[in-house]
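J.: Pasting in a structure now, in C-alpha cells, and then I'll have a few things to ask.
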Amino acid sequence: MKKVATTVGIIALAAALAVPVYAYGRGGSKGRGAGIGPEGRQAACMQTIPNLTAEQSAKLTELRTQRNQEAQPIRNEMIAKRAELRNLWLQGNPDEAAIKAKQQELNDLRVKLQDTMTKYQLEVNKVLTPEQQAQLQAKRPGWDYKGDMKRPGSRGHGMRTW
C-alpha cells in the first residue's frame with residue numbers, strides 16, 4: 001500500500017509540474033503565440049483580428065509567404081556580411097577602408113530588407129478594412145495598453161521606481 005501511495009504521489013507531482021508548461025504553449029515569451037511561422041498558419045497578430053474572411057486570410061497568407069521568399073535571401077546575405085565584417089575586425093591590423101565598405105554593404109542590405117517589410121505592410125493594409133487596420137495597429141508590438149507608442153528607455157508598467 002505504501003508503494004502505491006508513493007507512486008501515485010510522484011505521478012501527481014510530475015503532473016502538477018508539467019501542466020503549467022503545457023498550458024503556456026509554444027512560441028516563447030513576450031506574448032508570441034503558436035501562430036508565428038511560415039508553415040501556412042496565420043501570424044499571431046492576424047489571429048487577433050476578428051471577422052477575417054476566408055479570402056482575406058488566404059491573401060494575407062500569400063503576402064506573408066511572398067515577403068518571406070523575398071526577405072530570406074537578404075537575411076542570409078546579411079549573416080554572411082556580418083561574418084565577413086567580424087573577420088575584418090579580428091585581423092591583427094584592421095583595414096579601415098575595408099571595414100567601412102563592408103559596413104556600408106550591410107547597411108544597404110538593411111535598407112533593402114526594410115523596404116521589403118514596408119511593401120508588405122502596405123499590401124496588408126490594402127487587404128484589411130479600416131476597422132481591422134485599427135485593431136491590427138492596437139496589437140502590434142511596441143504599443144502599450146492605451147495605444148500610445150512606448151518611448152525607448154521609458155520605464156514599463158510594474159517596474160520599481162526606487
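Residue numbering restarts at 1 for every chain of the C-alpha cells, chains are lettered A, B, ... in their displayed order, and ligands are numbered from 1 as they appear.
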As a PyMOL selection string, which residues of range 62-145 of chain A does DSSP assign to alpha helix (DSSP H)?
T.: chain A and resi 62-90+96-127+130-139
J.: Could you dump the residues just selected with C-alpha atoms as a short mmCIF file (atom, residue, chain, number, x, y, z; two decimals), in the first residue's frame?
T.:
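This is the output file again_3.cif:
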data_model
loop_
_atom_site.label_atom_id
_atom_site.label_comp_id
_atom_site.auth_asym_id
_atom_site.auth_seq_id
_atom_site.Cartn_x
_atom_site.Cartn_y
_atom_site.Cartn_z
CA GLU A 62 0.03 34.62 -49.71
CA LEU A 63 1.51 38.06 -48.94
CA ARG A 64 3.43 36.72 -45.94
CA THR A 65 4.81 33.83 -47.98
CA GLN A 66 5.88 36.21 -50.73
CA ARG A 67 7.51 38.51 -48.18
CA ASN A 68 9.39 35.60 -46.60
CA GLN A 69 10.64 34.47 -50.02
CA GLU A 70 11.91 37.98 -50.77
CA ALA A 71 13.38 38.59 -47.30
CA GLN A 72 15.17 35.28 -46.68
CA PRO A 73 17.94 35.75 -49.27
CA ILE A 74 18.55 39.26 -47.91
CA ARG A 75 18.76 37.92 -44.35
CA ASN A 76 21.15 35.17 -45.45
CA GLU A 77 23.35 37.73 -47.19
CA MET A 78 23.30 39.92 -44.06
CA ILE A 79 24.51 36.97 -41.98
CA ALA A 80 27.38 36.40 -44.41
CA LYS A 81 28.30 40.11 -44.44
CA ARG A 82 28.28 40.24 -40.62
CA ALA A 83 30.67 37.28 -40.54
CA GLU A 84 32.95 38.98 -43.08
CA LEU A 85 32.85 42.21 -41.06
CA ARG A 86 33.67 40.32 -37.86
CA ASN A 87 36.66 38.70 -39.61
CA LEU A 88 37.87 42.10 -40.78
CA TRP A 89 37.75 43.39 -37.21
CA LEU A 90 39.60 40.33 -35.91
CA GLU A 96 39.68 50.87 -42.03
CA ALA A 97 38.57 51.23 -45.67
CA ALA A 98 37.57 47.55 -45.94
CA ILE A 99 35.61 47.73 -42.68
CA LYS A 100 33.77 50.88 -43.77
CA ALA A 101 32.98 49.35 -47.17
CA LYS A 102 31.65 46.14 -45.57
CA GLN A 103 29.60 48.16 -43.07
CA GLN A 104 28.09 50.13 -45.97
CA GLU A 105 27.18 46.88 -47.73
CA LEU A 106 25.49 45.69 -44.54
CA ASN A 107 23.60 49.00 -44.20
CA ASP A 108 22.42 48.75 -47.82
CA LEU A 109 21.07 45.27 -47.09
CA ARG A 110 19.25 46.58 -44.02
CA VAL A 111 17.58 49.25 -46.14
CA LYS A 112 16.63 46.63 -48.72
CA LEU A 113 15.11 44.40 -46.02
CA GLN A 114 13.22 47.34 -44.52
CA ASP A 115 11.84 48.20 -47.98
CA THR A 116 10.57 44.62 -48.27
CA MET A 117 8.85 44.87 -44.89
CA THR A 118 7.33 48.26 -45.73
CA LYS A 119 5.98 46.93 -49.01
CA TYR A 120 4.43 44.00 -47.12
CA GLN A 121 2.77 46.26 -44.54
CA LEU A 122 1.30 48.47 -47.26
CA GLU A 123 -0.10 45.42 -49.05
CA VAL A 124 -1.60 44.10 -45.79
CA ASN A 125 -3.33 47.44 -45.24
CA LYS A 126 -4.91 47.17 -48.70
CA VAL A 127 -6.46 43.80 -47.77
CA PRO A 130 -10.33 50.30 -41.76
CA GLU A 131 -11.70 48.68 -38.59
CA GLN A 132 -9.38 45.69 -38.98
CA GLN A 133 -6.44 48.04 -39.62
CA ALA A 134 -7.19 49.86 -36.37
CA GLN A 135 -7.34 46.56 -34.46
CA LEU A 136 -4.05 45.43 -36.00
CA GLN A 137 -2.34 48.70 -35.05
CA ALA A 138 -3.51 48.26 -31.46
CA LYS A 139 -2.00 44.74 -31.30
#
J.: Would you mind reading off the distance between CA of Ala54 in chain A and CA of Leu128 in chain A, one decimal, in Å?
T.: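 It comes out at 12.2 Å.
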